[in-house]
Amino acid sequence: RILILDFGSQYTQLIARRVREVGVYSEIRAWDISEEELREFAPSGVILSGGPESVTEEGSPRAPACLFEGNWPLLGICYGMQTMAAQLGGEVQGSDTSEFGYAQIRTAGETALLHDIRDHMTDHGDGLLDVWMSHGDKVTALPKDFSCVASTDSCPIAAMAHGSQPWFGIQFHPEVTHTLQGTRILERFVIEICGCEALWTPARIVEDAIARVRETVGGDHVLLGLSGGVDSSVVAALLHKAIGDQLTCVFVDNGLLRLHEGDQVMEMFARNMGVKVIRSDSEALFLDRLAGVSDPEEKRKIIGNTFIEVFDEEAAKIEGVRWLAQGTIYPDVIESAGAKTGKAHVIKSHHNVGGLPEDMALELVEPLRELFKDEVRKIGLELGLPHDMVFRHPFPGPGLGVRILGEVKHAYAEILRRADAIYIEELRAAGWYEKTSQAFAVFLPVKSVGVVGDARRYEYVIALRAVETVDFMTARWAHLPYELLEKVSNRIINEITGVSRVTYDVSSKPPATIEWE
Ligand code: XMP
């Protein structure tokens, strides 16, 4: 397995994902990892990430000295290369001009890392690579026993390799897809240079997770809050396979789900798979608590607290439960760890089921803790979950509660559910569901005039939203074809009494958010 030392780059997670895509397990740890932890991890190789700081500044992060005393193959990327150079006796200088974006590098000299990897060739037979650069500082003098193995005009030492040790530094970023041969370069490092085997496949991940769950929980009973979202569904399928009847799921239907969603969850898990699922139909309770409330944050709080209350009530009825399963995934773990050490730049608190009854004193089992979202999806398919469920768009915890602007009412939810179902159905039919990251309808409680046949109509407004995004932190509104929007609009207005107008949201994030509330 591969250790990735994080120097704070926004691409660190991407390095870990790329390495795993090659079939090798990798984990991210902070750059100031102790020698003890390093030896305990026993990596087959270490990748040093990029980072926002400057090696030329005093007190900036350094790799642990013991890294250069062991026998580990090392690959420094960007800042990782610069700190390697500085720590091993080379030189790094800042420059006035930073290089950002596409660059073409010439490979020079023989190196195991880049041998035979190229996008083009020069007239002289040198290799050329199309890469992505993002740096201000650069290595200006090689450390002892290193040679330069790639360069550009503005960055003469774009890659370096040690003469006898398997140590490499590259100034460009192999983890981003703009570096066309990036995956091959990472594969070369982890498979050929570090000698790892490509064993990290969905089937193996499932097998491993099942064995670990069995070992952890033994003969005890496990409780899981099933939401119908990807993560909790995959946990349910996995635990069911691992421990069968020792698993009980609680599914809270808060009345703010999509059309037929509650029935679909029950059909898939309880009926088809034979998972024990307790369904709590709590629409009345949720709507009662939400009556008269129109502030978005207030609504979120009420929905969250009511969920915990209902979940606890149901859970307390089940006897002999010792474990609570959660769908925590690797990015949540990294973010929480980052929040503790102050190293991650994007920090968010992740919300899972909390506030369990005190007398339950449950221990946590989190079988997806080491997996990225794409890996969770792959093992979902491996476990036999349907494609549409595994690749569905994210749906917020408060559900339609934040898509009905202002006060939530049953009648509004009914209209919104039907409008949303038409929209999603047409998106799928046109092949646009997969091309967008999140799409949904929003209910606007304002009335607008329309005319149907000879009759005047004075009804509500539905807004359609579709965005493209990678991380949901920023997003672009999706440029859906006019014909598709036209069809959706016609169907919604014609098929749903209560709607007289449909609009399309053309706001990006920022400044708008993805949800309307
Ligand atoms: P925004 O609206 O903040 O949404 O741009 C970013 C992503 O987060 C989802 N979202 C939520 N998810 N509880 C959740 O579980 C919430 O309260 C919540 N608010 C927004 C949103 O759907 C989008 O994917």
# chains A, B, ... in the order shown; residues from 1 in each chain; ligands from 1
call {"tool": "select_by_dssp", "arguments": {"residues": "stretch 346-486 of chain A", "states": "strand (DSSP E or B)", "output": "ChimeraX atom specification"}}
result
/A:363-365,404,438-452,455-468,475-477
call {"tool": "residues_around", "arguments": {"residues": "stretch 98-103 of chain A", "least_positions_apart": "2", "cutoff": "7 Å", "atoms": "only C-alpha atoms", "output": "list in words"}}
result
Ser95, Asp96, Ile105, Asp130, Val131, Trp132, Met133, Ser134, His135 and Gly136 of chain A
call {"tool": "write_last_selection", "arguments": {"atoms": "C-alpha atoms", "output": "compact mmCIF listing (two decimals), in the first residue's frame"}}
result
# COMPACT_ATOMS: atom_id res chain seq x y z
CA SER A 95 10.14 33.35 -9.07
CA ASP A 96 8.11 36.39 -10.02
CA ILE A 105 7.80 19.06 -21.16
CA ASP A 130 1.45 17.30 -22.17
CA VAL A 131 1.20 18.15 -18.50
CA TRP A 132 -0.54 20.41 -16.01
CA MET A 133 1.63 22.78 -14.02
CA SER A 134 0.71 24.91 -11.04
CA HIS A 135 3.67 26.44 -9.23
CA GLY A 136 5.59 29.57 -8.36
call {"tool": "closest_atom_pairs", "arguments": {"of": "chain A", "to": "ligand 1", "cutoff": "6 Å", "atoms": "only C-alpha atoms and all ligand atoms", "output": "tab-separated table"}}
result
residue	atom	partner	partner_atom_place_in_ligand_line	distance
A:Pro394	CA	ligand 1	24 (O)	5.4
A:Phe395	CA	ligand 1	22 (O)	5.3
A:Pro396	CA	ligand 1	12 (N)	3.5
A:Gly397	CA	ligand 1	15 (O)	3.8
A:Pro398	CA	ligand 1	17 (O)	5.7
A:Phe472	CA	ligand 1	6 (C)	5.2
A:Thr513	CA	ligand 1	5 (O)	3.7
A:Ile514	CA	ligand 1	5 (O)	3.6
A:Glu515	CA	ligand 1	2 (O)	3.6
call {"tool": "atom_distance", "arguments": {"atom1": "atom CA of A:His124", "atom2": "atom CA of A:Thr183"}}
result
26.0 Å
call {"tool": "residues_around", "arguments": {"residues": "A:Glu36", "least_positions_apart": "5", "cutoff": "12 Å", "atoms": "only C-alpha atoms", "output": "PDB file with N, CA and C atoms, in the first residue's frame"}}
result
ATOM      1  N   PHE A  41       2.771   1.983   9.445  1.00  0.00           N
ATOM      2  CA  PHE A  41       2.009   1.958   8.184  1.00  0.00           C
ATOM      3  C   PHE A  41       2.696   1.041   7.172  1.00  0.00           C
ATOM      4  N   ALA A  42       4.030   0.997   7.246  1.00  0.00           N
ATOM      5  CA  ALA A  42       4.833   0.144   6.367  1.00  0.00           C
ATOM      6  C   ALA A  42       4.450   0.289   4.891  1.00  0.00           C
ATOM      7  N   PRO A  64       9.394  14.130   6.859  1.00  0.00           N
ATOM      8  CA  PRO A  64      10.155  13.594   7.988  1.00  0.00           C
ATOM      9  C   PRO A  64      11.520  13.095   7.498  1.00  0.00           C
ATOM     10  N   CYS A  66      13.399  10.778   8.420  1.00  0.00           N
ATOM     11  CA  CYS A  66      13.566   9.326   8.319  1.00  0.00           C
ATOM     12  C   CYS A  66      13.120   8.779   6.965  1.00  0.00           C
ATOM     13  N   LEU A  67      12.349   9.602   6.227  1.00  0.00           N
ATOM     14  CA  LEU A  67      11.889   9.163   4.915  1.00  0.00           C
ATOM     15  C   LEU A  67      13.068   8.873   3.989  1.00  0.00           C
TER      16      LEU A  67
END
call {"tool": "closest_residue", "arguments": {"among": "A:Lys373, A:His387, A:His240, A:His162", "to": "A:Leu142", "atoms": "only C-alpha atoms"}}
result
A:His162
call {"tool": "residues_around", "arguments": {"residues": "A:Arg403", "least_positions_apart": "2", "cutoff": "10 Å", "atoms": "only C-alpha atoms", "output": "PyMOL selection string"}}
result
chain A and resi 256+296+396+398-401+405-406+408+413+416+440-444+463+515-517
call {"tool": "select_by_dssp", "arguments": {"residues": "stretch 159-213 of chain A", "states": "helix (DSSP H, G or I)", "output": "VMD selection string"}}
result
chain A and resid 182 to 193 202 to 213
call {"tool": "residues_around", "arguments": {"residues": "A:Pro481", "least_positions_apart": "3", "cutoff": "12 Å", "atoms": "only C-alpha atoms", "output": "list of chain:residue names"}}
result
A:Glu426, A:Leu427, A:Ala430, A:Gly431, A:Trp432, A:Ala466, A:Ala478, A:Leu484, A:Leu485, A:Glu486, A:Lys487, A:Val488, A:Tyr504
call {"tool": "atom_distance", "arguments": {"atom1": "atom CA of A:Gln181", "atom2": "atom CA of A:Phe391"}}
result
27.5 Å
call {"tool": "closest_residue", "arguments": {"among": "A:Arg258, A:Lys409, A:Arg39, A:His393", "to": "A:Phe286", "atoms": "only C-alpha atoms"}}
result
A:Lys409
call {"tool": "residues_around", "arguments": {"residues": "A:Gly163", "least_positions_apart": "3", "cutoff": "10 Å", "atoms": "only C-alpha atoms", "output": "MDAnalysis selection string"}}
result
chainID A and resid 111 144:147 160 166:168
call {"tool": "residues_around", "arguments": {"residues": "A:Phe251", "least_positions_apart": "6", "cutoff": "12 Å", "atoms": "only C-alpha atoms", "output": "mmCIF file with C-alpha atoms, in the first residue's frame"}}
result
data_model
loop_
_atom_site.group_PDB
_atom_site.id
_atom_site.type_symbol
_atom_site.label_atom_id
_atom_site.label_comp_id
_atom_site.auth_asym_id
_atom_site.auth_seq_id
_atom_site.Cartn_x
_atom_site.Cartn_y
_atom_site.Cartn_z
ATOM 1 C CA LEU A 223 -28.696 -0.833 13.767
ATOM 2 C CA LEU A 224 -28.633 1.306 10.620
ATOM 3 C CA GLY A 225 -30.509 4.446 9.628
ATOM 4 C CA LEU A 226 -31.455 3.795 6.001
ATOM 5 C CA SER A 227 -32.231 6.901 3.949
ATOM 6 C CA GLY A 228 -32.331 5.517 0.426
ATOM 7 C CA GLY A 229 -29.221 7.552 -0.453
ATOM 8 C CA SER A 232 -26.557 4.159 3.564
ATOM 9 C CA SER A 233 -27.920 1.829 0.875
ATOM 10 C CA ALA A 236 -27.232 -1.889 4.180
ATOM 11 C CA LEU A 257 -39.240 12.369 -0.011
ATOM 12 C CA GLU A 261 -39.474 6.925 -2.801
ATOM 13 C CA GLY A 262 -40.541 5.362 0.484
ATOM 14 C CA ASP A 263 -42.219 2.437 -1.271
ATOM 15 C CA GLN A 264 -39.226 1.941 -3.531
ATOM 16 C CA VAL A 265 -36.830 1.745 -0.591
ATOM 17 C CA MET A 266 -39.042 -0.840 1.102
ATOM 18 C CA PHE A 269 -34.427 -3.707 0.635
ATOM 19 C CA ALA A 270 -37.205 -5.413 2.548
ATOM 20 C CA VAL A 275 -33.241 -6.918 4.824
ATOM 21 C CA LYS A 276 -35.082 -6.260 8.099
ATOM 22 C CA VAL A 277 -36.381 -2.710 7.695
ATOM 23 C CA ILE A 278 -38.631 -0.892 10.129
ATOM 24 C CA ARG A 279 -40.472 1.878 8.336
ATOM 25 C CA SER A 280 -41.737 4.795 10.338
ATOM 26 C CA ASP A 281 -44.370 6.804 8.486
ATOM 27 C CA SER A 282 -43.941 10.132 10.211
ATOM 28 C CA PHE A 307 -35.530 12.762 12.599
ATOM 29 C CA ILE A 308 -33.343 11.970 15.589
ATOM 30 C CA VAL A 310 -38.213 9.338 15.582
ATOM 31 C CA PHE A 311 -35.092 7.301 14.912
ATOM 32 C CA ASP A 312 -34.346 6.994 18.625
ATOM 33 C CA GLU A 314 -37.837 3.213 16.784
ATOM 34 C CA ALA A 315 -34.345 2.109 17.774
#
